[in-house]
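K.L.:
Sharing protein09.csv, CSV, C-alpha atoms and all ligand atoms:
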```
chain,number,residue,atom,x,y,z
X,315,MET,CA,0.0,0.0,0.0
X,316,LYS,CA,1.2,3.5,-0.8
X,317,PRO,CA,2.3,5.6,2.2
X,318,VAL,CA,0.6,8.9,3.0
X,319,ILE,CA,3.0,11.6,2.2
X,320,VAL,CA,3.3,14.4,4.7
X,321,MET,CA,4.9,17.5,3.2
X,322,ALA,CA,6.0,21.0,4.3
X,323,SER,CA,8.3,23.7,3.1
X,324,ASP,CA,9.3,27.2,4.1
X,325,HIS,CA,8.9,30.1,1.7
X,326,ALA,CA,12.0,29.2,-0.2
X,327,GLY,CA,10.7,25.7,-0.9
X,328,PHE,CA,7.1,26.7,-1.5
X,329,HIS,CA,7.0,26.4,-5.3
X,330,MET,CA,9.0,23.1,-5.3
X,331,LYS,CA,6.6,21.7,-2.7
X,332,GLU,CA,3.7,22.6,-4.8
X,333,PHE,CA,5.3,21.0,-7.8
X,334,VAL,CA,6.2,17.7,-6.1
X,335,LYS,CA,2.8,17.6,-4.4
X,336,LYS,CA,1.1,17.7,-7.7
X,337,GLN,CA,3.3,15.0,-9.1
X,338,LEU,CA,2.6,12.8,-6.1
X,339,GLU,CA,-1.2,13.3,-6.3
X,340,ASP,CA,-1.1,12.6,-10.0
X,341,ALA,CA,0.7,9.4,-9.2
X,342,GLY,CA,-2.0,8.4,-6.8
X,343,TYR,CA,-0.5,9.3,-3.4
X,344,THR,CA,-2.5,11.0,-0.6
X,345,VAL,CA,-0.6,14.1,0.4
X,346,GLU,CA,-1.0,16.0,3.7
X,347,ASP,CA,0.3,19.5,3.2
X,348,TYR,CA,1.3,21.3,6.4
X,349,GLY,CA,2.3,24.5,4.6
X,350,THR,CA,3.7,27.0,4.0
X,351,HIS,CA,1.2,28.2,1.5
X,352,SER,CA,2.9,31.2,0.0
X,353,GLU,CA,6.3,32.9,-0.7
X,354,GLU,CA,5.9,35.0,2.5
X,355,SER,CA,8.9,34.6,4.7
X,356,VAL,CA,8.4,32.0,7.5
X,357,ASP,CA,10.7,30.2,10.0
X,358,THR,CA,11.8,26.8,8.8
X,359,ALA,CA,12.1,24.6,11.9
X,360,PRO,CA,8.5,24.5,13.0
X,361,TYR,CA,7.5,23.0,9.7
X,362,ALA,CA,10.2,20.3,10.1
X,363,PHE,CA,9.0,19.5,13.6
X,364,ARG,CA,5.4,19.2,12.5
X,365,VAL,CA,6.2,16.8,9.6
X,366,GLY,CA,8.7,14.9,11.8
X,367,GLU,CA,6.2,14.4,14.6
X,368,GLU,CA,3.5,13.2,12.2
X,369,VAL,CA,5.8,10.6,10.6
X,370,ALA,CA,7.2,9.5,14.0
X,371,ALA,CA,3.6,9.0,15.2
X,372,HIS,CA,2.6,6.9,12.2
X,373,PRO,CA,5.8,5.1,11.2
X,374,ASP,CA,4.1,2.4,9.2
X,375,GLU,CA,1.7,4.7,7.3
X,376,LYS,CA,3.4,8.0,6.7
X,377,LYS,CA,6.6,9.3,5.1
X,378,GLY,CA,7.7,13.0,5.0
X,379,ILE,CA,9.1,15.4,2.5
X,380,LEU,CA,10.5,18.7,3.6
X,381,ILE,CA,11.8,21.5,1.3
X,382,CYS,CA,13.6,24.7,2.1
X,383,GLY,CA,16.2,26.8,0.3
X,384,THR,CA,19.1,24.4,0.9
X,385,GLY,CA,17.2,21.5,2.6
X,386,LEU,CA,19.7,21.9,5.4
X,387,GLY,CA,17.5,23.7,7.9
X,388,MET,CA,14.8,21.2,7.4
X,389,SER,CA,17.1,18.3,7.7
X,390,ILE,CA,18.8,19.6,10.9
X,391,ALA,CA,15.5,20.4,12.6
X,392,ALA,CA,13.6,17.2,11.5
X,393,ASN,CA,16.4,15.0,12.8
X,394,LYS,CA,15.8,16.4,16.3
X,395,VAL,CA,12.4,14.6,16.4
X,396,LYS,CA,12.7,11.2,18.0
X,397,GLY,CA,12.2,8.4,15.5
X,398,VAL,CA,12.9,10.6,12.5
X,399,ARG,CA,15.7,9.9,10.0
X,400,ALA,CA,15.7,12.9,7.6
X,401,PRO,CA,18.6,13.1,5.2
X,402,LEU,CA,19.3,15.9,2.8
X,403,VAL,CA,19.3,14.3,-0.7
X,404,HIS,CA,20.2,15.9,-4.0
X,405,ASP,CA,21.2,12.9,-6.1
X,406,LEU,CA,19.5,9.7,-7.2
X,407,PHE,CA,22.2,7.3,-5.7
X,408,SER,CA,21.8,8.8,-2.2
X,409,ALA,CA,18.0,8.7,-2.6
X,410,LYS,CA,18.1,4.9,-2.9
X,411,MET,CA,20.9,4.3,-0.5
X,412,THR,CA,19.4,6.4,2.4
X,413,VAL,CA,16.3,4.2,2.4
X,414,GLU,CA,18.2,0.9,2.0
X,415,HIS,CA,21.0,1.6,4.5
X,416,ASN,CA,19.6,4.4,6.8
X,417,HIS,CA,15.8,3.6,6.7
X,418,ALA,CA,15.2,7.3,6.0
X,419,ASN,CA,11.6,8.2,6.7
X,420,VAL,CA,11.7,11.9,5.8
X,421,LEU,CA,13.3,13.3,2.6
X,422,CYS,CA,14.8,16.8,2.6
X,423,MET,CA,15.6,18.7,-0.5
X,424,GLY,CA,16.8,22.2,-1.4
X,425,ALA,CA,14.8,24.3,-3.8
X,426,ARG,CA,17.8,26.6,-4.4
X,427,VAL,CA,20.0,23.7,-5.1
X,428,ILE,CA,18.2,21.4,-7.5
X,429,ALA,CA,15.5,21.9,-10.1
X,430,PRO,CA,11.9,20.8,-9.5
X,431,ASN,CA,12.1,18.0,-12.0
X,432,MET,CA,15.2,16.6,-10.2
X,433,ALA,CA,13.3,16.8,-6.9
X,434,TRP,CA,10.6,14.7,-8.4
X,435,GLU,CA,13.0,12.1,-9.8
X,436,ILE,CA,14.7,11.9,-6.4
X,437,THR,CA,11.2,11.5,-4.8
X,438,LYS,CA,10.3,8.6,-7.1
X,439,VAL,CA,13.6,6.8,-6.4
X,440,TRP,CA,13.2,7.4,-2.7
X,441,LEU,CA,9.7,6.1,-2.6
X,442,ALA,CA,10.5,3.0,-4.7
X,443,ALA,CA,13.5,2.0,-2.5
X,444,LYS,CA,13.1,-0.6,0.2
X,445,PRO,CA,14.9,-0.7,3.5
X,446,LEU,CA,17.5,-3.5,3.8
X,447,CYS,CA,16.6,-5.5,6.9
X,448,GLY,CA,18.5,-7.9,9.2
X,449,GLY,CA,22.1,-8.2,10.2
X,450,LYS,CA,24.3,-5.1,9.9
X,451,TYR,CA,21.6,-2.9,8.4
X,452,GLU,CA,19.1,-3.3,11.3
X,453,ARG,CA,21.9,-3.1,13.9
X,454,ARG,CA,23.1,0.2,12.5
X,455,VAL,CA,19.7,1.8,12.4
X,456,GLN,CA,18.9,0.3,15.9
X,457,GLN,CA,22.0,2.1,17.3
X,458,ILE,CA,20.5,5.4,16.3
X,459,THR,CA,17.1,4.4,17.7
X,460,ASP,CA,18.7,3.3,20.9
X,461,TYR,CA,20.5,6.7,21.2
X,462,ASP,CA,17.2,8.4,20.6
X,463,ASN,CA,15.5,6.4,23.3
X,464,LYS,CA,18.4,7.1,25.7
X,465,ARG,CA,17.8,10.8,25.3
X,466,GLY,CA,14.1,10.3,26.2
W,1,LIG,C1,15.6,30.9,3.8
W,1,LIG,O1,16.2,32.0,3.4
W,1,LIG,C2,16.7,29.8,4.0
W,1,LIG,O2,17.6,30.1,5.0
W,1,LIG,C3,16.0,28.4,4.2
W,1,LIG,O3,15.1,28.2,3.2
W,1,LIG,C4,16.9,27.2,4.3
W,1,LIG,O4,17.8,27.2,3.2
W,1,LIG,C5,17.6,27.0,5.6
W,1,LIG,O5,18.3,26.1,5.8
```
Step by step, read the file and then write its structure as structure tokens.
Ligand code: RB5
P.N.:
Amino acid sequence: MKPVIVMASDHAGFHMKEFVKKQLEDAGYTVEDYGTHSEESVDTAPYAFRVGEEVAAHPDEKKGILICGTGLGMSIAANKVKGVRAPLVHDLFSAKMTVEHNHANVLCMGARVIAPNMAWEITKVWLAAKPLCGGKYERRVQQITDYDNKRG
């Protein structure tokens, strides 16, 4: 079953978010859009926390996509949410690997770094990738989860 895609951007990522959202909806995904809804300047982190918390609360049903100017602010903030693994991705190889090896559940991209079409290509690869399970893969992800849990 397709995951629900939870999306947000700041003002710098607004147009790219709208573009990727449309492609996702055309491809049959349900998208929950937590803003922003214009080019008016906003702070980045609250959007990352909102999407991160939603994905962390529904780990089997939802995946997140966050877009800001560089993708960095979104990634740094989203990774503060317990249970979230939110890499910054600007190439197709990393899009696949970060699901397979890091079990990434939130995808961050920078609208001032890559073109909208590239963001959509990355999104498709990221969504198609499957986490590698068992052995070293699970152990490595578990180490991050354990650290999260230790922090409370
Ligand atoms: C906004 O100007 C910009 O700082 C933001 O979109 C993002 O790139 C932060 O990491």
K.L.:
Excluding Glu368 of chain X and residues on its chain fewer than 3 positions from it, collect all residues at most 12 Å away from it, counting all atoms listed in the file, and give them as a ChimeraX atom specification.
P.N.:
/X:318-322,346-348,361-365,371-379,392,395-398,419-420
K.L.:
Between atom CA of Tyr461 of chain X and atom CA of Met423 of chain X, what is the distance in Å, rounded to a tenth?
P.N.:
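Spanning atom CA of Tyr461 of chain X to atom CA of Met423 of chain X is a straight-line distance of 25.3 Å.
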K.L.:
Between atom CA of Ile458 of chain X and atom CA of Thr344 of chain X, what is the distance, to one decimal in Å?
P.N.:
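Computed distance, atom CA of Ile458 of chain X to atom CA of Thr344 of chain X, equals 29.1 Å.
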K.L.:
Considering only C-alpha atoms and all ligand atoms, tabulate each residue of chain X that lies at most 6 Å from ligand LIG 1 (chain W) along with its nearest interatomic pair and the corresponding distance in Å to one decimal; arrange the rows by chain and ascending residue number and present them as JSON lines.
P.N.:
```
{"residue": "X:Asp324", "atom": "CA", "partner": "W:LIG1", "partner_atom": "O3", "distance": 6.0}
{"residue": "X:Ala326", "atom": "CA", "partner": "W:LIG1", "partner_atom": "O3", "distance": 4.7}
{"residue": "X:Cys382", "atom": "CA", "partner": "W:LIG1", "partner_atom": "O3", "distance": 4.0}
{"residue": "X:Gly383", "atom": "CA", "partner": "W:LIG1", "partner_atom": "O4", "distance": 3.3}
{"residue": "X:Thr384", "atom": "CA", "partner": "W:LIG1", "partner_atom": "O4", "distance": 3.8}
{"residue": "X:Gly385", "atom": "CA", "partner": "W:LIG1", "partner_atom": "O5", "distance": 5.7}
{"residue": "X:Leu386", "atom": "CA", "partner": "W:LIG1", "partner_atom": "O5", "distance": 4.4}
{"residue": "X:Gly387", "atom": "CA", "partner": "W:LIG1", "partner_atom": "O5", "distance": 3.3}
```
K.L.:
Next, dump the selected residues to file, keeping only C-alpha atoms, as a short mmCIF file (atom, residue, chain, number, x, y, z; two decimals), in the coordinates of the input.
P.N.:
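again10.cif written:
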```
data_model
loop_
_atom_site.label_atom_id
_atom_site.label_comp_id
_atom_site.auth_asym_id
_atom_site.auth_seq_id
_atom_site.Cartn_x
_atom_site.Cartn_y
_atom_site.Cartn_z
CA ASP X 324 9.30 27.20 4.10
CA ALA X 326 12.00 29.20 -0.20
CA CYS X 382 13.60 24.70 2.10
CA GLY X 383 16.20 26.80 0.30
CA THR X 384 19.10 24.40 0.90
CA GLY X 385 17.20 21.50 2.60
CA LEU X 386 19.70 21.90 5.40
CA GLY X 387 17.50 23.70 7.90
#
```
K.L.:
For segment 424-435 of chain X, find every residue with an atom within 9 Å (counting all atoms listed in the file), except residues of its own chain fewer than 4 positions away, and show them as a PyMOL selection string.
P.N.:
chain X and resi 326-331+333-334+337-338+380-386+402-406+439-440
K.L.:
Have a look at X:Val345, X:Ala443, X:Ala359, X:Val369 and name the one nearest to Met411 of chain X; count all atoms listed in the file.
P.N.:
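So, comparing all the options, the nearest one is X:Ala443.
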K.L.:
Grab the atom CA of Glu354 of chain X to atom CA of Ile436 of chain X distance for me, in Å with one decimal place.
P.N.:
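Computing the Euclidean distance for atom CA of Glu354 of chain X and atom CA of Ile436 of chain X yields 26.3 Å.
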K.L.:
X:Ser323, X:Lys444, X:Gly342, X:Glu452: which is nearest Pro360 of chain X, counting all atoms listed in the file?
P.N.:
X:Ser323
K.L.:
Rank X:Val455, X:Ala370, X:Ala409, X:Cys422 by their smallest atom-to-atom distance to Ala391 of chain X, using all atoms listed in the file, and report the top residue only.
P.N.:
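Using all atoms listed in the file, Ala391 of chain X sits closest to X:Cys422.
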K.L.:
Using only C-alpha atoms for the distances, tell me which of X:Lys464, X:His417, X:Lys316, X:His325 is nearest to Asp357 of chain X.
P.N.:
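Comparing X:Lys464, X:His417, X:Lys316, X:His325 against Asp357 of chain X, the winner is X:His325.
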K.L.:
Could you tell me which of X:Asp462, X:Gly366, X:Arg453, X:His415 comes closest to Ala400 of chain X if we count all atoms listed in the file?
P.N.:
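Nearest to Ala400 of chain X: X:Gly366.
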K.L.:
Taking into account only C-alpha atoms, which residue in the set X:Ile390, X:Leu421, X:Val356, X:Met315 is nearest to Lys438 of chain X?
P.N.:
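The closest residue to Lys438 of chain X is X:Leu421.
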